[in-house]
Amino acid sequence: MGLLVDGVWRDQWYDTAKTGGRFERSASAFRNWVTADGRPGPSGEGGFKGEAGRYHLTVSLACPWAHRTLIVRALKGLEAAISVSVVSPYMREEGWVFQPEAAGGVPGATADDLFGVERLYELYQRAKPDYSGRVTVPVLWDRERNTIVSNESAEIIRMLNDAFGGSGPDLYPDDLRSAIDAVNARVYDRVNNGVYKAGFATKQEAYEEAFLALFEELDALEERLDRQRYLCGARLTEADLRLFTTLVRFDAVYVGHFKCNRQRIADYPNLSNYLRDLYALPGIAATVNLDHIKRHYYGSHPTINPTGIVPLGPELDFTAGNDRARRFGA
Ligand SMILES: N[C@@H](CCC(=O)N[C@@H](CS)C(=O)NCC(=O)O)C(=O)O
């Protein structure tokens, strides 16, 4: 784990000393937008038109942020339009690296399809030789301009929803935008990032603060999902997919590795049924790789799990059926 400083890789763990033991996620650096006609989006520059075959996603199957982009790509039927490379689940001294199965890597990991580089930071160096900052997944790359369009998953999923003429549901419809934004803000801070704040805390107080907010929010979500099928009503939206990627990892890694152990998702009737409902959406199950997920967390954070031992359990069956359509209608 590390970062680039003026284009040079430095192996360095998160520094929580300056923030009272609290983990603070840095803002993503590449913020251009692919749009249907190539006009600029809400930030960055224009010139990135949505075209099949032009863009490439680099993801980790372990990463909940990258996972969002794979899900939206699948739901919008964009598999043929946007290619994908998958990094090794282990993120260690060199950060994310490419190690396909044929080269001794974990099944499901691929080579870099763009240039055959071995480390993700090499893509960042190609995009910006003097880049300083974290080297994160997902990365949306433009083959035409040879650069990173965006490394912010919340924005990449909006691009995939809007700019490529994909099929499938509109995941950010006009009439639900304020409801979606409100849910996203709470879920991001207290759940998606909340588990990281609990897990990466280096002071008891910081951990407890994150833990309490996380379970307060999960309790509220449990109640909300007692009244409606999806977070913003009867329609599936991006808010659901953003929550899904944390829920699907929760019992396998966040309960143990990140000490989010007041209860499991399996102990919440509505959240667990909802999780299985989303898992059953066409194309979603294929984006979930618990092997990469467990290897990544347990095998990449030596300050939390110095032995790197990956637990064998728990047994999870996301295909066990759910009551959501029966209760709320299809
Ligand atoms: N805000 C970013 C966050 C992405 C992110 O932090 N990804 C993690 C993997 S789960 C990563 O690559 N971390 C490497 C690092 O922080 O050095 C997004 O949503 O795209």
# chains A, B, ... in the order shown; residues from 1 in each chain; ligands from 1
$ residues_around --residues "segment 210-212 of chain A" --least-positions-apart "2" --cutoff "7 Å" --atoms "only C-alpha atoms" --output "PyMOL selection string"
chain A and resi 194+197-198+206-208+214-216+260
$ closest_atom_pairs --of "chain A" --to "ligand 1" --cutoff "8 Å" --atoms "only C-alpha atoms and all ligand atoms" --output "tab-separated table"
residue	atom	partner	partner_atom_place_in_ligand_line	distance
A:Met1	CA	ligand 1	17 (O)	5.6
A:Gly2	CA	ligand 1	17 (O)	5.5
A:Leu3	CA	ligand 1	17 (O)	6.1
A:Tyr14	CA	ligand 1	16 (O)	7.8
A:Arg25	CA	ligand 1	6 (O)	7.0
A:Ser26	CA	ligand 1	1 (N)	7.4
A:Ala27	CA	ligand 1	1 (N)	6.1
A:Ser28	CA	ligand 1	1 (N)	5.4
A:Ser60	CA	ligand 1	9 (C)	7.3
A:Ala62	CA	ligand 1	10 (S)	6.9
A:Cys63	CA	ligand 1	10 (S)	3.8
A:Pro64	CA	ligand 1	10 (S)	5.7
A:Trp65	CA	ligand 1	19 (O)	4.6
A:Ala66	CA	ligand 1	20 (O)	6.4
A:Met91	CA	ligand 1	14 (C)	7.8
A:Gly95	CA	ligand 1	17 (O)	6.6
A:Trp96	CA	ligand 1	12 (O)	7.3
A:Arg134	CA	ligand 1	17 (O)	4.9
A:Val135	CA	ligand 1	17 (O)	5.2
A:Thr136	CA	ligand 1	12 (O)	3.0
A:Val137	CA	ligand 1	12 (O)	4.2
A:Pro138	CA	ligand 1	20 (O)	5.5
A:Val139	CA	ligand 1	20 (O)	7.8
A:Asn151	CA	ligand 1	20 (O)	5.4
A:Glu152	CA	ligand 1	20 (O)	3.6
A:Ser153	CA	ligand 1	20 (O)	3.7
A:Ala154	CA	ligand 1	19 (O)	5.7
$ write_last_selection --atoms "N, CA and C atoms" --output "PDB file, in the first residue's frame"
ATOM      1  N   MET A   1       0.847  -1.197   0.000  1.00  0.00           N
ATOM      2  CA  MET A   1       0.000   0.000   0.000  1.00  0.00           C
ATOM      3  C   MET A   1       0.873   1.234   0.000  1.00  0.00           C
ATOM      4  N   GLY A   2       0.538   2.167  -0.867  1.00  0.00           N
ATOM      5  CA  GLY A   2       1.362   3.367  -0.910  1.00  0.00           C
ATOM      6  C   GLY A   2       0.727   4.434  -1.769  1.00  0.00           C
ATOM      7  N   LEU A   3       1.561   5.312  -2.293  1.00  0.00           N
ATOM      8  CA  LEU A   3       1.020   6.380  -3.123  1.00  0.00           C
ATOM      9  C   LEU A   3       2.116   6.945  -4.017  1.00  0.00           C
ATOM     10  N   TYR A  14      -1.680   4.270   5.464  1.00  0.00           N
ATOM     11  CA  TYR A  14      -2.439   5.484   5.809  1.00  0.00           C
ATOM     12  C   TYR A  14      -1.901   6.102   7.085  1.00  0.00           C
ATOM     13  N   ARG A  25     -10.624   9.422   4.089  1.00  0.00           N
ATOM     14  CA  ARG A  25     -10.435   9.033   2.689  1.00  0.00           C
ATOM     15  C   ARG A  25     -10.140  10.274   1.859  1.00  0.00           C
ATOM     16  N   SER A  26      -9.099  10.228   1.005  1.00  0.00           N
ATOM     17  CA  SER A  26      -8.813  11.419   0.202  1.00  0.00           C
ATOM     18  C   SER A  26      -9.736  11.480  -1.015  1.00  0.00           C
ATOM     19  N   ALA A  27      -9.938  12.695  -1.494  1.00  0.00           N
ATOM     20  CA  ALA A  27     -10.809  12.886  -2.661  1.00  0.00           C
ATOM     21  C   ALA A  27     -10.126  12.341  -3.911  1.00  0.00           C
ATOM     22  N   SER A  28     -10.909  11.813  -4.833  1.00  0.00           N
ATOM     23  CA  SER A  28     -10.350  11.288  -6.090  1.00  0.00           C
ATOM     24  C   SER A  28      -9.829  12.446  -6.938  1.00  0.00           C
ATOM     25  N   SER A  60     -10.857  -3.818  -9.055  1.00  0.00           N
ATOM     26  CA  SER A  60     -10.553  -4.954  -8.197  1.00  0.00           C
ATOM     27  C   SER A  60     -11.899  -5.573  -7.861  1.00  0.00           C
ATOM     28  N   ALA A  62     -12.428  -7.119  -5.323  1.00  0.00           N
ATOM     29  CA  ALA A  62     -12.538  -7.014  -3.872  1.00  0.00           C
ATOM     30  C   ALA A  62     -13.105  -5.672  -3.435  1.00  0.00           C
ATOM     31  N   CYS A  63     -12.923  -4.664  -4.241  1.00  0.00           N
ATOM     32  CA  CYS A  63     -13.166  -3.283  -3.816  1.00  0.00           C
ATOM     33  C   CYS A  63     -14.641  -2.899  -3.971  1.00  0.00           C
ATOM     34  N   PRO A  64     -15.257  -2.416  -2.911  1.00  0.00           N
ATOM     35  CA  PRO A  64     -16.682  -2.081  -3.012  1.00  0.00           C
ATOM     36  C   PRO A  64     -16.963  -0.906  -3.942  1.00  0.00           C
ATOM     37  N   TRP A  65     -15.983  -0.012  -4.080  1.00  0.00           N
ATOM     38  CA  TRP A  65     -16.196   1.168  -4.947  1.00  0.00           C
ATOM     39  C   TRP A  65     -16.110   0.727  -6.409  1.00  0.00           C
ATOM     40  N   ALA A  66     -15.121  -0.065  -6.722  1.00  0.00           N
ATOM     41  CA  ALA A  66     -15.000  -0.575  -8.087  1.00  0.00           C
ATOM     42  C   ALA A  66     -16.183  -1.482  -8.420  1.00  0.00           C
ATOM     43  N   MET A  91      -3.169  -6.266  -2.230  1.00  0.00           N
ATOM     44  CA  MET A  91      -2.632  -4.920  -2.429  1.00  0.00           C
ATOM     45  C   MET A  91      -1.542  -4.716  -1.383  1.00  0.00           C
ATOM     46  N   GLY A  95       1.238  -1.597  -4.130  1.00  0.00           N
ATOM     47  CA  GLY A  95      -0.154  -1.221  -4.362  1.00  0.00           C
ATOM     48  C   GLY A  95      -0.858  -2.292  -5.185  1.00  0.00           C
ATOM     49  N   TRP A  96      -1.848  -1.873  -5.958  1.00  0.00           N
ATOM     50  CA  TRP A  96      -2.550  -2.845  -6.815  1.00  0.00           C
ATOM     51  C   TRP A  96      -1.639  -3.284  -7.953  1.00  0.00           C
ATOM     52  N   ARG A 134      -3.126   9.088  -4.153  1.00  0.00           N
ATOM     53  CA  ARG A 134      -3.364   7.662  -4.002  1.00  0.00           C
ATOM     54  C   ARG A 134      -3.631   7.049  -5.363  1.00  0.00           C
ATOM     55  N   VAL A 135      -3.369   5.765  -5.437  1.00  0.00           N
ATOM     56  CA  VAL A 135      -3.554   5.020  -6.682  1.00  0.00           C
ATOM     57  C   VAL A 135      -4.667   4.006  -6.431  1.00  0.00           C
ATOM     58  N   THR A 136      -5.868   4.397  -6.800  1.00  0.00           N
ATOM     59  CA  THR A 136      -7.051   3.623  -6.413  1.00  0.00           C
ATOM     60  C   THR A 136      -7.757   3.010  -7.619  1.00  0.00           C
ATOM     61  N   VAL A 137      -8.552   2.008  -7.333  1.00  0.00           N
ATOM     62  CA  VAL A 137      -9.516   1.485  -8.295  1.00  0.00           C
ATOM     63  C   VAL A 137     -10.893   1.974  -7.856  1.00  0.00           C
ATOM     64  N   PRO A 138     -11.835   2.139  -8.760  1.00  0.00           N
ATOM     65  CA  PRO A 138     -11.751   1.886 -10.193  1.00  0.00           C
ATOM     66  C   PRO A 138     -11.057   3.027 -10.952  1.00  0.00           C
ATOM     67  N   VAL A 139     -10.589   2.688 -12.165  1.00  0.00           N
ATOM     68  CA  VAL A 139     -10.029   3.674 -13.082  1.00  0.00           C
ATOM     69  C   VAL A 139     -10.762   3.536 -14.418  1.00  0.00           C
ATOM     70  N   ASN A 151     -11.350   8.559 -11.727  1.00  0.00           N
ATOM     71  CA  ASN A 151     -11.134   7.468 -10.763  1.00  0.00           C
ATOM     72  C   ASN A 151     -12.087   7.627  -9.584  1.00  0.00           C
ATOM     73  N   GLU A 152     -13.267   8.154  -9.871  1.00  0.00           N
ATOM     74  CA  GLU A 152     -14.284   8.326  -8.821  1.00  0.00           C
ATOM     75  C   GLU A 152     -15.513   7.484  -9.173  1.00  0.00           C
ATOM     76  N   SER A 153     -15.718   6.430  -8.409  1.00  0.00           N
ATOM     77  CA  SER A 153     -16.777   5.471  -8.757  1.00  0.00           C
ATOM     78  C   SER A 153     -18.176   6.083  -8.763  1.00  0.00           C
ATOM     79  N   ALA A 154     -18.423   7.025  -7.843  1.00  0.00           N
ATOM     80  CA  ALA A 154     -19.769   7.607  -7.767  1.00  0.00           C
ATOM     81  C   ALA A 154     -20.099   8.328  -9.071  1.00  0.00           C
TER      82      ALA A 154
END
$ residues_around --residues "Thr147 of chain A" --least-positions-apart "6" --cutoff "9 Å" --atoms "only C-alpha atoms" --output "list of chain:residue names"
A:Leu123, A:Tyr124, A:Arg126, A:Ala127, A:Lys128, A:Leu140, A:Trp141
$ residues_around --residues "Phe23 of chain A" --least-positions-apart "3" --cutoff "6 Å" --atoms "only C-alpha atoms" --output "list in words"
Thr16, Lys197, Phe200 and Ala201 of chain A
$ select_by_dssp --residues "segment 186-240 of chain A" --states "helix (DSSP H, G or I)" --output "VMD selection string"
chain A and resid 186 to 192 194 to 200 204 to 224 238 to 240
$ write_last_selection --atoms "C-alpha atoms" --output "JSON list (two decimals), in the first residue's frame"
[["chain", "number", "residue", "atom", "x", "y", "z"],
["A", 186, "ARG", "CA", -25.88, 9.03, 4.79],
["A", 187, "VAL", "CA", -25.02, 5.61, 3.41],
["A", 188, "TYR", "CA", -21.66, 6.79, 2.08],
["A", 189, "ASP", "CA", -20.55, 8.40, 5.31],
["A", 190, "ARG", "CA", -21.93, 5.92, 7.83],
["A", 191, "VAL", "CA", -22.01, 2.60, 5.97],
["A", 192, "ASN", "CA", -19.83, 2.43, 2.81],
["A", 194, "GLY", "CA", -18.24, 3.80, 7.86],
["A", 195, "VAL", "CA", -16.91, 0.24, 7.86],
["A", 196, "TYR", "CA", -13.50, 1.57, 6.76],
["A", 197, "LYS", "CA", -13.55, 4.23, 9.45],
["A", 198, "ALA", "CA", -14.19, 1.49, 12.04],
["A", 199, "GLY", "CA", -11.64, -0.91, 10.55],
["A", 200, "PHE", "CA", -8.80, 1.55, 9.93],
["A", 204, "GLN", "CA", -10.52, 3.30, 20.47],
["A", 205, "GLU", "CA", -12.61, 6.45, 20.40],
["A", 206, "ALA", "CA", -12.43, 6.79, 16.62],
["A", 207, "TYR", "CA", -13.44, 3.14, 16.20],
["A", 208, "GLU", "CA", -16.40, 3.44, 18.57],
["A", 209, "GLU", "CA", -17.65, 6.59, 16.88],
["A", 210, "ALA", "CA", -17.68, 4.86, 13.49],
["A", 211, "PHE", "CA", -19.14, 1.64, 14.89],
["A", 212, "LEU", "CA", -22.06, 3.42, 16.59],
["A", 213, "ALA", "CA", -22.91, 5.50, 13.53],
["A", 214, "LEU", "CA", -22.71, 2.41, 11.30],
["A", 215, "PHE", "CA", -25.17, 0.37, 13.32],
["A", 216, "GLU", "CA", -27.48, 3.32, 13.91],
["A", 217, "GLU", "CA", -27.68, 3.70, 10.14],
["A", 218, "LEU", "CA", -28.14, -0.02, 9.49],
["A", 219, "ASP", "CA", -31.00, -0.01, 12.00],
["A", 220, "ALA", "CA", -32.60, 2.90, 10.15],
["A", 221, "LEU", "CA", -32.15, 1.16, 6.80],
["A", 222, "GLU", "CA", -33.69, -2.00, 8.23],
["A", 223, "GLU", "CA", -36.78, 0.01, 9.18],
["A", 224, "ARG", "CA", -36.96, 1.79, 5.84],
["A", 238, "GLU", "CA", -28.06, 3.64, -7.83],
["A", 239, "ALA", "CA", -28.60, 4.12, -4.07],
["A", 240, "ASP", "CA", -29.42, 0.41, -3.80]]
$ atom_distance --atom1 "atom CA of Asn146 of chain A" --atom2 "atom CA of Thr35 of chain A"
17.1 Å
$ residues_around --residues "Asp277 of chain A" --least-positions-apart "6" --cutoff "12 Å" --atoms "only C-alpha atoms" --output "list of chain:residue names"
A:Leu225, A:Arg229, A:Tyr230, A:Leu236, A:Asp240, A:Leu241, A:Phe244, A:Val248, A:Asn270, A:Leu271, A:Ile284, A:Ala285, A:Phe318, A:Thr319, A:Ala320, A:Gly321, A:Asn322, A:Asp323, A:Arg324, A:Ala325, A:Arg326, A:Arg327, A:Phe328, A:Ala330
$ atom_distance --atom1 "atom CA of Ser132 of chain A" --atom2 "atom CA of Asn193 of chain A"
22.6 Å
$ residues_around --residues "Ala266 of chain A" --least-positions-apart "2" --cutoff "10 Å" --atoms "only C-alpha atoms" --output "CSV table (one decimal) with N, CA and C atoms, in the first residue's frame"
chain,number,residue,atom,x,y,z
A,247,LEU,N,-23.1,-4.3,1.8
A,247,LEU,CA,-23.8,-5.4,2.4
A,247,LEU,C,-23.2,-6.8,2.1
A,250,PHE,N,-20.2,-7.6,4.0
A,250,PHE,CA,-20.3,-7.4,5.5
A,250,PHE,C,-20.0,-8.6,6.4
A,251,ASP,N,-20.8,-9.7,6.1
A,251,ASP,CA,-20.6,-10.8,7.0
A,251,ASP,C,-19.3,-11.6,6.8
A,263,GLN,N,-23.8,-7.0,15.1
A,263,GLN,CA,-24.6,-8.1,14.5
A,263,GLN,C,-24.2,-8.2,13.0
A,264,ARG,N,-24.7,-9.3,12.4
A,264,ARG,CA,-24.4,-9.6,11.0
A,264,ARG,C,-25.6,-9.1,10.2
A,268,TYR,N,-30.4,-9.3,10.3
A,268,TYR,CA,-31.4,-8.3,10.0
A,268,TYR,C,-32.3,-8.9,9.0
A,269,PRO,N,-33.6,-9.1,9.3
A,269,PRO,CA,-34.5,-9.8,8.3
A,269,PRO,C,-34.6,-9.0,7.0
A,270,ASN,N,-34.9,-7.7,7.1
A,270,ASN,CA,-35.1,-6.9,5.9
A,270,ASN,C,-33.8,-6.7,5.1
A,271,LEU,N,-32.8,-6.3,5.7
A,271,LEU,CA,-31.5,-6.1,5.0
A,271,LEU,C,-31.0,-7.4,4.3
A,272,SER,N,-31.2,-8.5,5.0
A,272,SER,CA,-30.7,-9.8,4.4
A,272,SER,C,-31.6,-10.3,3.2
A,273,ASN,N,-32.9,-10.1,3.4
A,273,ASN,CA,-33.8,-10.4,2.2
A,273,ASN,C,-33.5,-9.5,1.0
A,275,LEU,N,-30.7,-7.9,0.4
A,275,LEU,CA,-29.4,-8.2,-0.2
A,275,LEU,C,-29.6,-9.4,-1.2
A,316,LEU,N,-22.1,-18.6,3.4
A,316,LEU,CA,-23.1,-17.6,3.0
A,316,LEU,C,-23.8,-18.1,1.7
$ atom_distance --atom1 "atom CA of Arg22 of chain A" --atom2 "atom CA of Ile157 of chain A"
27.9 Å
$ closest_residue --among "A:Val117, A:Lys294, A:Thr202, A:Ala234" --to "Pro314 of chain A" --atoms "only C-alpha atoms"
A:Lys294
